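K.L.:
I'm passing along start00.txt; it holds compact mmCIF, C-alpha atoms and all ligand atoms.
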```txt
# COMPACT_ATOMS: atom_id res chain seq x y z
CA MET W 1 89.30 77.96 85.47
CA THR W 2 91.35 80.01 87.92
CA GLU W 3 92.24 78.57 91.28
CA ASN W 4 91.55 80.71 94.32
CA LEU W 5 94.61 80.29 96.51
CA ARG W 6 93.95 81.45 100.06
CA PRO W 7 96.85 82.55 102.24
CA ALA W 8 97.33 81.34 105.83
CA PRO W 9 94.52 82.12 108.32
CA ARG W 10 93.78 85.70 109.29
CA PRO W 11 95.57 86.77 112.46
CA LEU W 12 92.46 87.71 114.44
CA GLY W 13 92.36 84.76 116.84
CA GLY W 14 89.08 83.53 115.39
CA LEU W 15 87.38 86.96 115.56
CA ASP W 16 85.29 87.57 112.45
CA PRO W 17 87.03 90.27 110.32
CA ALA W 18 83.73 92.14 109.85
CA GLU W 19 83.31 92.22 113.64
CA PHE W 20 86.91 93.42 114.03
CA LEU W 21 86.33 96.27 111.58
CA ARG W 22 83.02 97.23 113.17
CA THR W 23 84.17 97.19 116.79
CA TYR W 24 87.91 97.91 116.84
CA TRP W 25 89.24 99.35 113.54
CA HIS W 26 89.91 103.09 114.11
CA LYS W 27 88.00 102.82 117.42
CA GLN W 28 89.79 100.93 120.18
CA PRO W 29 92.86 98.79 120.83
CA LEU W 30 92.69 95.02 120.81
CA LEU W 31 95.13 92.47 122.22
CA ILE W 32 95.03 89.01 120.65
CA ARG W 33 97.15 86.32 122.29
CA GLY W 34 98.64 83.78 119.88
CA ALA W 35 97.39 85.68 116.80
CA VAL W 36 100.38 84.67 114.66
CA PRO W 37 101.54 81.41 116.28
CA ASP W 38 104.04 80.56 113.52
CA ILE W 39 106.09 83.79 113.69
CA LEU W 40 108.85 82.67 116.06
CA GLY W 41 112.12 81.86 114.28
CA ARG W 42 111.09 83.36 110.92
CA LEU W 43 113.79 86.02 111.00
CA SER W 44 117.02 85.97 112.99
CA PRO W 45 118.47 89.16 114.53
CA HIS W 46 121.54 88.67 112.33
CA ARG W 47 119.46 88.49 109.13
CA LEU W 48 117.60 91.65 110.15
CA MET W 49 120.93 93.41 110.75
CA ALA W 50 122.12 92.24 107.31
CA LEU W 51 119.00 93.77 105.73
CA ALA W 52 119.78 97.06 107.51
CA CYS W 53 123.11 97.12 105.65
CA ARG W 54 121.56 97.08 102.16
CA ASP W 55 121.13 100.32 100.23
CA ASP W 56 117.75 99.23 98.82
CA VAL W 57 116.34 98.82 102.34
CA GLU W 58 115.12 101.65 104.57
CA SER W 59 116.51 101.29 108.10
CA ARG W 60 116.98 103.43 111.20
CA LEU W 61 118.93 103.10 114.40
CA VAL W 62 117.46 104.83 117.46
CA ARG W 63 119.71 105.30 120.48
CA SER W 64 118.78 106.65 123.85
CA SER W 65 120.79 107.50 126.90
CA ARG W 66 119.65 109.44 129.98
CA GLY W 67 116.56 110.79 128.22
CA ARG W 68 118.44 111.95 125.10
CA TRP W 69 117.43 110.41 121.78
CA GLN W 70 119.54 109.99 118.65
CA LEU W 71 118.47 108.82 115.21
CA GLU W 72 120.62 107.52 112.36
CA HIS W 73 119.51 106.31 108.93
CA GLY W 74 120.94 103.22 107.21
CA PRO W 75 122.53 101.56 105.34
CA PHE W 76 124.72 100.48 108.28
CA ASP W 77 127.94 98.56 108.64
CA LEU W 78 127.26 94.97 109.77
CA GLN W 79 130.23 94.81 112.10
CA ARG W 80 129.05 97.96 113.84
CA LEU W 81 125.55 96.57 114.31
CA THR W 82 126.82 93.29 115.76
CA GLN W 83 128.90 95.28 118.25
CA LEU W 84 126.16 97.55 119.56
CA PRO W 85 126.07 97.84 123.37
CA ALA W 86 123.92 95.64 125.62
CA ARG W 87 121.37 98.40 126.20
CA GLY W 88 119.91 101.65 124.86
CA TRP W 89 119.16 101.10 121.17
CA SER W 90 116.57 99.87 118.70
CA LEU W 91 117.10 98.96 115.05
CA LEU W 92 114.10 99.48 112.74
CA VAL W 93 113.92 97.95 109.27
CA SER W 94 111.04 98.88 106.93
CA GLY W 95 109.70 96.97 103.92
CA VAL W 96 110.83 93.58 105.23
CA ASP W 97 107.99 92.07 103.15
CA HIS W 98 109.99 92.95 100.02
CA HIS W 99 112.85 90.70 101.05
CA LEU W 100 111.42 87.93 103.21
CA PRO W 101 108.68 85.76 101.67
CA TYR W 102 107.26 84.96 105.12
CA ALA W 103 106.75 88.70 105.78
CA ALA W 104 105.00 89.12 102.38
CA ARG W 105 102.65 86.26 103.25
CA LEU W 106 102.09 87.77 106.70
CA LEU W 107 101.02 91.06 105.12
CA GLN W 108 98.58 89.20 102.90
CA ARG W 109 96.92 87.64 105.97
CA PHE W 110 95.57 91.15 106.63
CA ASP W 111 93.47 90.99 103.46
CA PHE W 112 90.36 92.02 105.36
CA VAL W 113 91.72 95.52 104.68
CA PRO W 114 92.01 96.54 100.97
CA TYR W 115 95.54 96.22 99.55
CA ALA W 116 95.35 99.92 98.63
CA ARG W 117 95.52 100.60 102.40
CA LEU W 118 98.29 98.14 103.27
CA ASP W 119 101.75 99.63 103.59
CA ASP W 120 104.52 97.33 104.72
CA VAL W 121 105.97 95.16 107.43
CA MET W 122 108.56 96.85 109.63
CA VAL W 123 110.61 94.79 112.06
CA SER W 124 112.43 96.21 115.08
CA LEU W 125 115.19 94.67 117.12
CA ALA W 126 116.10 95.83 120.62
CA PRO W 127 118.11 94.61 123.62
CA PRO W 128 116.46 94.53 127.08
CA GLY W 129 115.23 98.03 127.96
CA GLY W 130 115.27 99.13 124.30
CA GLY W 131 112.46 100.87 122.42
CA VAL W 132 111.65 104.03 120.52
CA GLY W 133 110.01 105.86 123.42
CA PRO W 134 106.40 106.88 124.04
CA HIS W 135 104.82 108.19 120.83
CA PHE W 136 101.78 107.94 118.60
CA ASP W 137 101.47 107.02 114.94
CA SER W 138 99.15 108.68 112.43
CA TYR W 139 97.96 105.35 111.04
CA ASP W 140 96.59 102.04 112.34
CA VAL W 141 99.19 99.49 113.35
CA PHE W 142 99.30 95.81 114.31
CA LEU W 143 102.26 95.12 116.61
CA ILE W 144 103.20 91.44 116.58
CA GLN W 145 105.74 90.05 118.99
CA GLY W 146 108.24 87.99 116.99
CA LEU W 147 111.00 87.17 119.47
CA GLY W 148 111.38 87.58 123.23
CA SER W 149 108.97 89.63 125.29
CA ARG W 150 108.04 93.30 125.33
CA ARG W 151 105.89 95.36 127.67
CA TRP W 152 103.45 97.62 125.82
CA GLU W 153 101.87 100.52 127.67
CA ILE W 154 99.10 102.44 125.95
CA ALA W 155 96.94 105.50 126.62
CA ALA W 156 93.97 107.17 124.94
CA GLN W 157 95.30 110.62 125.83
CA ASP W 158 94.36 113.85 124.03
CA ASP W 159 97.62 115.49 125.00
CA LEU W 160 99.82 114.58 122.03
CA GLU W 161 102.43 117.32 122.50
CA LEU W 162 105.87 116.18 121.39
CA VAL W 163 109.30 116.80 122.89
CA GLU W 164 110.83 119.73 120.99
CA ASP W 165 114.12 119.28 119.19
CA ALA W 166 114.08 115.48 119.50
CA PRO W 167 115.14 113.72 116.26
CA LEU W 168 112.13 111.41 116.55
CA ARG W 169 108.58 111.89 117.73
CA ILE W 170 108.54 111.45 121.53
CA LEU W 171 105.54 112.41 123.64
CA LYS W 172 106.28 115.12 126.20
CA ARG W 173 103.88 113.53 128.69
CA PHE W 174 102.71 109.92 128.70
CA THR W 175 100.36 108.45 131.30
CA PRO W 176 99.82 104.75 130.61
CA GLN W 177 96.30 103.45 131.13
CA GLN W 178 96.77 99.81 130.14
CA SER W 179 99.78 97.54 129.96
CA TRP W 180 100.53 94.01 128.75
CA VAL W 181 103.58 91.83 128.26
CA LEU W 182 103.52 90.36 124.75
CA GLU W 183 105.14 86.99 124.01
CA PRO W 184 105.96 85.57 120.54
CA GLY W 185 102.81 85.36 118.40
CA ASP W 186 100.80 87.86 120.49
CA MET W 187 99.46 90.90 118.63
CA LEU W 188 98.28 94.34 119.71
CA TYR W 189 96.13 96.45 117.37
CA LEU W 190 96.24 100.23 117.89
CA PRO W 191 94.04 102.81 116.14
CA PRO W 192 95.66 105.98 114.74
CA ARG W 193 96.94 108.54 117.26
CA TYR W 194 96.84 106.13 120.20
CA ALA W 195 99.77 106.81 122.55
CA HIS W 196 102.03 103.80 123.09
CA ASN W 197 105.39 102.75 124.45
CA GLY W 198 107.05 99.38 123.95
CA VAL W 199 109.97 98.38 126.15
CA ALA W 200 111.88 95.15 125.47
CA LEU W 201 112.12 92.88 128.51
CA THR W 202 114.49 90.43 126.79
CA PRO W 203 116.26 90.59 123.40
CA CYS W 204 113.21 91.42 121.35
CA MET W 205 111.85 91.63 117.83
CA THR W 206 108.53 93.29 117.04
CA TRP W 207 106.86 93.12 113.62
CA SER W 208 104.63 96.09 112.75
CA VAL W 209 102.04 95.79 110.01
CA GLY W 210 101.40 99.37 108.96
CA PHE W 211 98.80 101.03 106.77
CA ARG W 212 98.87 103.84 104.26
CA ALA W 213 96.97 106.90 105.35
CA PRO W 214 98.08 109.73 103.02
CA SER W 215 97.35 113.22 104.24
CA HIS W 216 94.76 115.19 102.26
CA GLN W 217 97.52 117.64 101.36
CA GLU W 218 99.68 114.83 99.90
CA ILE W 219 96.81 113.34 97.90
CA ALA W 220 95.60 116.68 96.55
CA ALA W 221 99.13 117.77 95.55
CA ALA W 222 99.74 114.42 93.81
CA PHE W 223 96.37 114.64 92.02
CA LEU W 224 97.21 118.12 90.72
CA ASP W 225 100.53 116.73 89.41
CA HIS W 226 98.58 113.92 87.73
CA LEU W 227 96.23 116.44 86.07
CA HIS W 228 99.17 118.60 85.06
CA ASP W 229 100.80 115.67 83.24
CA ARG W 230 97.59 115.07 81.28
CA LEU W 231 96.51 118.68 80.69
CA ASP W 232 95.77 119.35 77.02
CA LEU W 233 94.08 122.75 76.50
CA ASP W 234 93.50 124.49 73.19
CA GLY W 235 93.77 128.22 72.62
CA ARG W 236 96.17 131.00 73.44
CA TYR W 237 95.80 134.40 75.07
CA ALA W 238 94.49 137.11 72.76
CA ASP W 239 93.23 140.67 73.37
CA PRO W 240 91.90 142.18 70.11
CA ASP W 241 90.02 144.81 72.19
CA LEU W 242 93.19 146.12 73.90
CA SER W 243 93.14 149.81 74.87
CA VAL W 244 96.05 152.01 76.01
CA PRO W 245 96.66 151.39 79.76
CA SER W 246 97.00 154.27 82.20
CA HIS W 247 99.64 152.19 84.11
CA PRO W 248 101.49 149.81 81.78
CA ALA W 249 102.86 147.94 84.85
CA GLU W 250 99.38 147.13 86.15
CA LEU W 251 97.87 143.66 85.53
CA PRO W 252 95.02 144.30 83.07
CA ALA W 253 91.55 143.61 84.49
CA ALA W 254 90.55 141.97 81.16
CA MET W 255 93.50 139.60 81.43
CA ILE W 256 92.50 138.56 84.96
CA GLU W 257 88.94 137.99 83.74
CA ARG W 258 89.88 136.02 80.60
CA LEU W 259 92.55 133.76 82.17
CA GLY W 260 90.40 133.29 85.27
CA ARG W 261 87.76 131.77 82.96
CA VAL W 262 90.37 129.45 81.38
CA ILE W 263 91.54 128.24 84.80
CA ALA W 264 87.99 127.84 86.12
CA GLY W 265 87.27 125.70 83.05
CA ILE W 266 89.67 122.96 84.20
CA ARG W 267 87.47 119.97 84.96
CA TRP W 268 88.01 116.34 85.92
CA GLN W 269 85.81 113.30 85.99
CA ARG W 270 85.48 110.37 88.37
CA ARG W 271 87.48 108.40 85.76
CA ASP W 272 90.45 110.78 86.34
CA VAL W 273 90.22 110.25 90.11
CA ILE W 274 90.15 106.45 89.67
CA ASP W 275 93.10 106.51 87.29
CA PHE W 276 95.03 108.78 89.58
CA LEU W 277 94.40 106.55 92.63
CA GLY W 278 95.27 103.39 90.71
CA LEU W 279 98.52 104.84 89.40
CA TYR W 280 99.50 106.62 92.61
CA LEU W 281 98.73 103.79 95.01
CA SER W 282 100.37 101.14 92.84
CA GLU W 283 103.53 103.23 92.37
CA PRO W 284 106.51 101.44 93.98
CA LYS W 285 108.46 103.23 96.73
CA PRO W 286 111.52 105.16 95.49
CA GLN W 287 114.07 102.56 96.63
CA VAL W 288 112.28 99.74 94.75
CA PHE W 289 113.84 98.44 91.52
CA PHE W 290 112.59 95.38 89.67
CA ARG W 291 115.10 92.91 88.35
CA PRO W 292 114.15 91.48 84.95
CA PRO W 293 115.19 87.82 84.43
CA ARG W 294 118.78 87.56 83.19
CA ARG W 295 117.90 85.21 80.35
CA PRO W 296 114.15 85.66 79.77
CA LEU W 297 112.18 82.72 78.38
CA SER W 298 110.37 83.05 75.06
CA LEU W 299 106.60 83.45 75.25
CA GLN W 300 106.13 79.78 74.37
CA ARG W 301 108.60 78.47 76.99
CA PHE W 302 107.14 80.86 79.55
CA ALA W 303 103.63 79.60 78.78
CA GLU W 304 104.68 75.95 79.27
CA ARG W 305 106.50 76.63 82.53
CA ALA W 306 103.76 78.93 83.88
CA GLN W 307 101.07 76.33 83.13
CA ALA W 308 103.13 73.68 84.90
CA LYS W 309 104.14 75.70 87.97
CA GLY W 310 101.81 78.70 88.23
CA VAL W 311 102.97 82.30 88.64
CA SER W 312 103.35 84.66 91.58
CA LEU W 313 103.73 88.41 91.80
CA ASP W 314 107.09 89.74 92.90
CA ALA W 315 106.91 90.72 96.59
CA ARG W 316 107.42 94.37 95.57
CA THR W 317 104.69 94.42 92.93
CA ARG W 318 101.55 96.38 93.69
CA LEU W 319 98.62 95.25 91.55
CA LEU W 320 95.26 96.97 92.07
CA PHE W 321 92.19 97.22 89.88
CA HIS W 322 88.95 99.04 89.38
CA GLY W 323 86.34 97.76 86.95
CA ARG W 324 88.24 96.28 84.03
CA THR W 325 91.30 98.48 84.46
CA PHE W 326 94.38 97.18 86.27
CA TYR W 327 97.18 99.25 87.78
CA ILE W 328 100.53 97.55 88.21
CA ASN W 329 103.55 99.36 89.67
CA GLY W 330 102.36 102.75 88.43
CA GLU W 331 101.21 101.54 84.97
CA ARG W 332 97.65 101.37 83.65
CA VAL W 333 96.58 98.18 81.88
CA PRO W 334 93.02 97.80 80.54
CA ALA W 335 92.02 94.11 80.60
CA ALA W 336 91.42 92.63 77.16
CA PRO W 337 88.47 90.24 76.68
CA GLY W 338 89.32 86.89 78.30
CA GLN W 339 91.84 88.37 80.76
CA TYR W 340 89.62 89.90 83.40
CA ARG W 341 88.84 86.94 85.70
CA THR W 342 92.42 85.67 85.73
CA LEU W 343 93.81 89.12 86.49
CA VAL W 344 91.36 89.64 89.36
CA ALA W 345 92.37 86.26 90.83
CA LEU W 346 96.05 87.16 90.47
CA ALA W 347 95.56 90.60 92.04
CA ASP W 348 93.65 89.17 95.05
CA ALA W 349 95.69 86.02 95.74
CA ARG W 350 98.95 87.45 94.32
CA ARG W 351 99.58 84.09 92.65
CA LEU W 352 97.92 81.66 90.29
CA GLY W 353 98.17 77.91 90.55
CA PRO W 354 99.23 75.55 87.75
CA GLN W 355 96.78 75.02 84.88
CA ALA W 356 95.05 78.29 85.80
CA LEU W 357 96.13 80.39 82.84
CA PRO W 358 93.91 80.92 79.81
CA ALA W 359 95.89 81.46 76.60
CA GLY W 360 94.61 85.03 76.24
CA VAL W 361 96.37 86.23 79.37
CA LEU W 362 99.79 84.68 78.71
CA PRO W 363 101.28 87.49 76.54
CA LEU W 364 100.46 90.04 79.27
CA LEU W 365 101.89 87.82 82.04
CA HIS W 366 104.95 87.23 79.86
CA ALA W 367 105.46 91.00 79.52
CA TRP W 368 105.19 91.41 83.31
CA TYR W 369 107.61 88.50 83.78
CA GLN W 370 110.10 90.23 81.46
CA GLN W 371 109.84 93.38 83.58
CA GLY W 372 110.46 91.41 86.80
CA TYR W 373 106.92 92.09 88.07
CA LEU W 374 106.07 88.39 88.38
CA HIS W 375 107.85 85.08 88.52
CA ILE W 376 107.17 81.50 87.54
CA GLY W 377 106.15 79.22 90.42
C1 LIG W 401 108.94 99.19 117.73
O1 LIG W 401 108.79 98.11 117.13
O2 LIG W 401 109.80 99.35 118.59
C2 LIG W 401 108.10 100.38 117.40
C3 LIG W 401 106.83 100.07 116.73
C4 LIG W 401 105.81 101.13 117.02
O3 LIG W 401 105.69 101.62 118.11
O4 LIG W 401 105.06 101.54 116.12
CO CO W 402 104.34 103.24 117.06
```
So that I can check it, write out the structure of this file as structure tokens.
Ligand code: SIN
Ligand code: CO
P.N.:
Amino acid sequence: MTENLRPAPRPLGGLDPAEFLRTYWHKQPLLIRGAVPDILGRLSPHRLMALACRDDVESRLVRSSRGRWQLEHGPFDLQRLTQLPARGWSLLVSGVDHHLPYAARLLQRFDFVPYARLDDVMVSLAPPGGGVGPHFDSYDVFLIQGLGSRRWEIAAQDDLELVEDAPLRILKRFTPQQSWVLEPGDMLYLPPRYAHNGVALTPCMTWSVGFRAPSHQEIAAAFLDHLHDRLDLDGRYADPDLSVPSHPAELPAAMIERLGRVIAGIRWQRRDVIDFLGLYLSEPKPQVFFRPPRRPLSLQRFAERAQAKGVSLDARTRLLFHGRTFYINGERVPAAPGQYRTLVALADARRLGPQALPAGVLPLLHAWYQQGYLHIG
């Protein structure tokens, strides 16, 4: 009933994704020439600059001169960006996949990695000589050359000491071991903590496909918040056996014992962990706001149009699932009978073709459409 719509080919130059994951993912770098042959011309420097001027877009401007680095956060003034000097800067724009349909489709081509691990597409722009300096990232990254050429130098060094007092993470020492010049469409995969330095040889745009790798501290703190919001304990402190204390200011040993037992009794199940992960990982980033349709269609009109044209998730929507429970933009939605297969197809392909919508799923899709989570066509 549902149509499985496959995105454009995976950007692995014909390498089997299972082989890529086995041999390279988290293990060693890989250069693939012509991995994304259709990338050239998809985004102009001017359009990227215009994105960096929006307040719902995260952008940074890195400037360097005689070994000194400066970092500024956007939004920027367009005139200022168009008048930047001929050398010594790099403009970085995150979440380009939220604003450029091509970038959203590009991200989806990396579907050999679970969506729960995908982060966003960042695009950088630099004049000849520009870059963000030698550094390492804590997560895997695919660096795709989008415009012009850039020399990438990389090193598997253990010495990851950073320059002190620099506003961005710059390696104190960097000894390149391998180097390539990337041309439009070429792609370099780097595992986490692999030292790298990209220097533009011509006016240059690099697209980075990044992954989410939350620290254990971040995940544990967020899980405790999740539990806190759902905590529902009976009972209240009582001490019918109280005796007169020798030091009234001292914490009573019986109190420590009793409340220690209450705290040690806090338990969670695998179900809580799944719910937490679904809600947490589908939660939109803070700058994301969904725009509901200005004049929403009635359920019946929506159903007719959706059957005729199909539906697609908004580029900012995160839809994940486990079992029969779906998590969309930080909300939990258990699938009703008759909805499951369609929702799985929508979550995987992020769109559904015409005629692919059983009647039982239309009220839910209509509700998501009214929230701006999905669109017709
Ligand atoms: C860049 O595009 O200049 C930086 C990307 C990176 O090194 O992660
Ligand atoms: Co990097």
K.L.:
Any chance you could work out the axis-aligned box around range 244-255 of chain W, listed atoms only, 4 Å on each side, giving centre and edge lengths in Å to one decimal, as lines of an AutoDock Vina configuration file?
P.N.:
```
center_x = 96.7
center_y = 146.9
center_z = 81.1
size_x = 20.3
size_y = 22.7
size_z = 18.1
```
K.L.:
Quick one: residues within 12 Å of Ala103 in chain W, all atoms listed in the file, excluding same-chain residues fewer than 3 positions away - as a ChimeraX atom specification?
P.N.:
/W:8,36,38-39,42-43,94-100,106-110,120-123,144,146,207-209,315-316
K.L.:
Which residues are near ligand LIG 401 (chain W) - at most 7 Å, using only C-alpha atoms and all ligand atoms? Format: as a short mmCIF file (atom, residue, chain, number, x, y, z; two decimals) with C-alpha atoms, keeping the file's coordinate frame.
P.N.:
```cif
data_model
loop_
_atom_site.label_atom_id
_atom_site.label_comp_id
_atom_site.auth_asym_id
_atom_site.auth_seq_id
_atom_site.Cartn_x
_atom_site.Cartn_y
_atom_site.Cartn_z
CA SER W 90 116.57 99.87 118.70
CA VAL W 123 110.61 94.79 112.06
CA SER W 124 112.43 96.21 115.08
CA GLY W 131 112.46 100.87 122.42
CA VAL W 132 111.65 104.03 120.52
CA ASP W 137 101.47 107.02 114.94
CA VAL W 141 99.19 99.49 113.35
CA LEU W 143 102.26 95.12 116.61
CA HIS W 196 102.03 103.80 123.09
CA ASN W 197 105.39 102.75 124.45
CA GLY W 198 107.05 99.38 123.95
CA THR W 206 108.53 93.29 117.04
CA TRP W 207 106.86 93.12 113.62
CA SER W 208 104.63 96.09 112.75
#
```
K.L.:
Within 7 Å of Gly129 in chain W, counting all atoms listed in the file, which residues qualify if same-chain residues fewer than 4 places away don't, as a list in words?
P.N.:
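Result of the neighbour search: Arg87, Gly88, Val199, Ala200 and Leu201 of chain W.
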K.L.:
Go through W:Ala35, W:Cys53, W:Leu251, W:Ala213 and flag the residue nearest Leu182 in chain W, using all atoms listed in the file for the distances.
P.N.:
W:Ala35
K.L.:
Take the point (119.2, 96.8, 122.9) as written in the file and pick out every residue within 9 Å of it, counting all atoms listed in the file; give the list as an MDAnalysis selection string.
P.N.:
chainID W and resid 63 84:91 125:131 200 202:204
K.L.:
Could you add N, CA and C atoms to range 204-221 of chain W and give me the result as a PDB file, keeping the file's coordinate frame?
P.N.:
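The resulting file, result_13.pdb, is shown below:
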```pdb
ATOM      1  N   CYS W 204     114.616  91.352 121.779  1.00  0.00           N
ATOM      2  CA  CYS W 204     113.210  91.420 121.350  1.00  0.00           C
ATOM      3  C   CYS W 204     113.091  91.854 119.896  1.00  0.00           C
ATOM      4  N   MET W 205     112.200  91.182 119.178  1.00  0.00           N
ATOM      5  CA  MET W 205     111.850  91.630 117.830  1.00  0.00           C
ATOM      6  C   MET W 205     110.349  91.845 117.752  1.00  0.00           C
ATOM      7  N   THR W 206     109.950  92.987 117.210  1.00  0.00           N
ATOM      8  CA  THR W 206     108.530  93.290 117.040  1.00  0.00           C
ATOM      9  C   THR W 206     108.272  93.547 115.557  1.00  0.00           C
ATOM     10  N   TRP W 207     107.254  92.916 115.022  1.00  0.00           N
ATOM     11  CA  TRP W 207     106.860  93.120 113.620  1.00  0.00           C
ATOM     12  C   TRP W 207     105.666  94.069 113.615  1.00  0.00           C
ATOM     13  N   SER W 208     105.759  95.152 112.849  1.00  0.00           N
ATOM     14  CA  SER W 208     104.630  96.090 112.750  1.00  0.00           C
ATOM     15  C   SER W 208     104.032  96.013 111.359  1.00  0.00           C
ATOM     16  N   VAL W 209     102.747  95.725 111.296  1.00  0.00           N
ATOM     17  CA  VAL W 209     102.040  95.790 110.010  1.00  0.00           C
ATOM     18  C   VAL W 209     101.392  97.170 109.969  1.00  0.00           C
ATOM     19  N   GLY W 210     101.845  97.978 109.020  1.00  0.00           N
ATOM     20  CA  GLY W 210     101.400  99.370 108.960  1.00  0.00           C
ATOM     21  C   GLY W 210     100.516  99.622 107.754  1.00  0.00           C
ATOM     22  N   PHE W 211      99.778 100.705 107.808  1.00  0.00           N
ATOM     23  CA  PHE W 211      98.800 101.030 106.770  1.00  0.00           C
ATOM     24  C   PHE W 211      99.111 102.381 106.158  1.00  0.00           C
ATOM     25  N   ARG W 212      98.675 102.561 104.930  1.00  0.00           N
ATOM     26  CA  ARG W 212      98.870 103.840 104.260  1.00  0.00           C
ATOM     27  C   ARG W 212      97.705 104.742 104.603  1.00  0.00           C
ATOM     28  N   ALA W 213      98.022 105.929 105.073  1.00  0.00           N
ATOM     29  CA  ALA W 213      96.970 106.900 105.350  1.00  0.00           C
ATOM     30  C   ALA W 213      97.499 108.254 104.874  1.00  0.00           C
ATOM     31  N   PRO W 214      97.502 108.479 103.535  1.00  0.00           N
ATOM     32  CA  PRO W 214      98.080 109.730 103.020  1.00  0.00           C
ATOM     33  C   PRO W 214      97.307 110.939 103.529  1.00  0.00           C
ATOM     34  N   SER W 215      98.031 112.001 103.807  1.00  0.00           N
ATOM     35  CA  SER W 215      97.350 113.220 104.240  1.00  0.00           C
ATOM     36  C   SER W 215      96.577 113.794 103.047  1.00  0.00           C
ATOM     37  N   HIS W 216      95.545 114.569 103.338  1.00  0.00           N
ATOM     38  CA  HIS W 216      94.760 115.190 102.260  1.00  0.00           C
ATOM     39  C   HIS W 216      95.662 116.092 101.418  1.00  0.00           C
ATOM     40  N   GLN W 217      96.598 116.760 102.078  1.00  0.00           N
ATOM     41  CA  GLN W 217      97.520 117.640 101.360  1.00  0.00           C
ATOM     42  C   GLN W 217      98.340 116.840 100.338  1.00  0.00           C
ATOM     43  N   GLU W 218      98.860 115.678 100.778  1.00  0.00           N
ATOM     44  CA  GLU W 218      99.680 114.830  99.900  1.00  0.00           C
ATOM     45  C   GLU W 218      98.852 114.342  98.696  1.00  0.00           C
ATOM     46  N   ILE W 219      97.640 113.890  98.980  1.00  0.00           N
ATOM     47  CA  ILE W 219      96.810 113.340  97.900  1.00  0.00           C
ATOM     48  C   ILE W 219      96.418 114.451  96.914  1.00  0.00           C
ATOM     49  N   ALA W 220      96.034 115.603  97.442  1.00  0.00           N
ATOM     50  CA  ALA W 220      95.600 116.680  96.550  1.00  0.00           C
ATOM     51  C   ALA W 220      96.773 117.172  95.692  1.00  0.00           C
ATOM     52  N   ALA W 221      97.959 117.293  96.310  1.00  0.00           N
ATOM     53  CA  ALA W 221      99.130 117.770  95.550  1.00  0.00           C
ATOM     54  C   ALA W 221      99.467 116.753  94.456  1.00  0.00           C
TER      55      ALA W 221
END
```
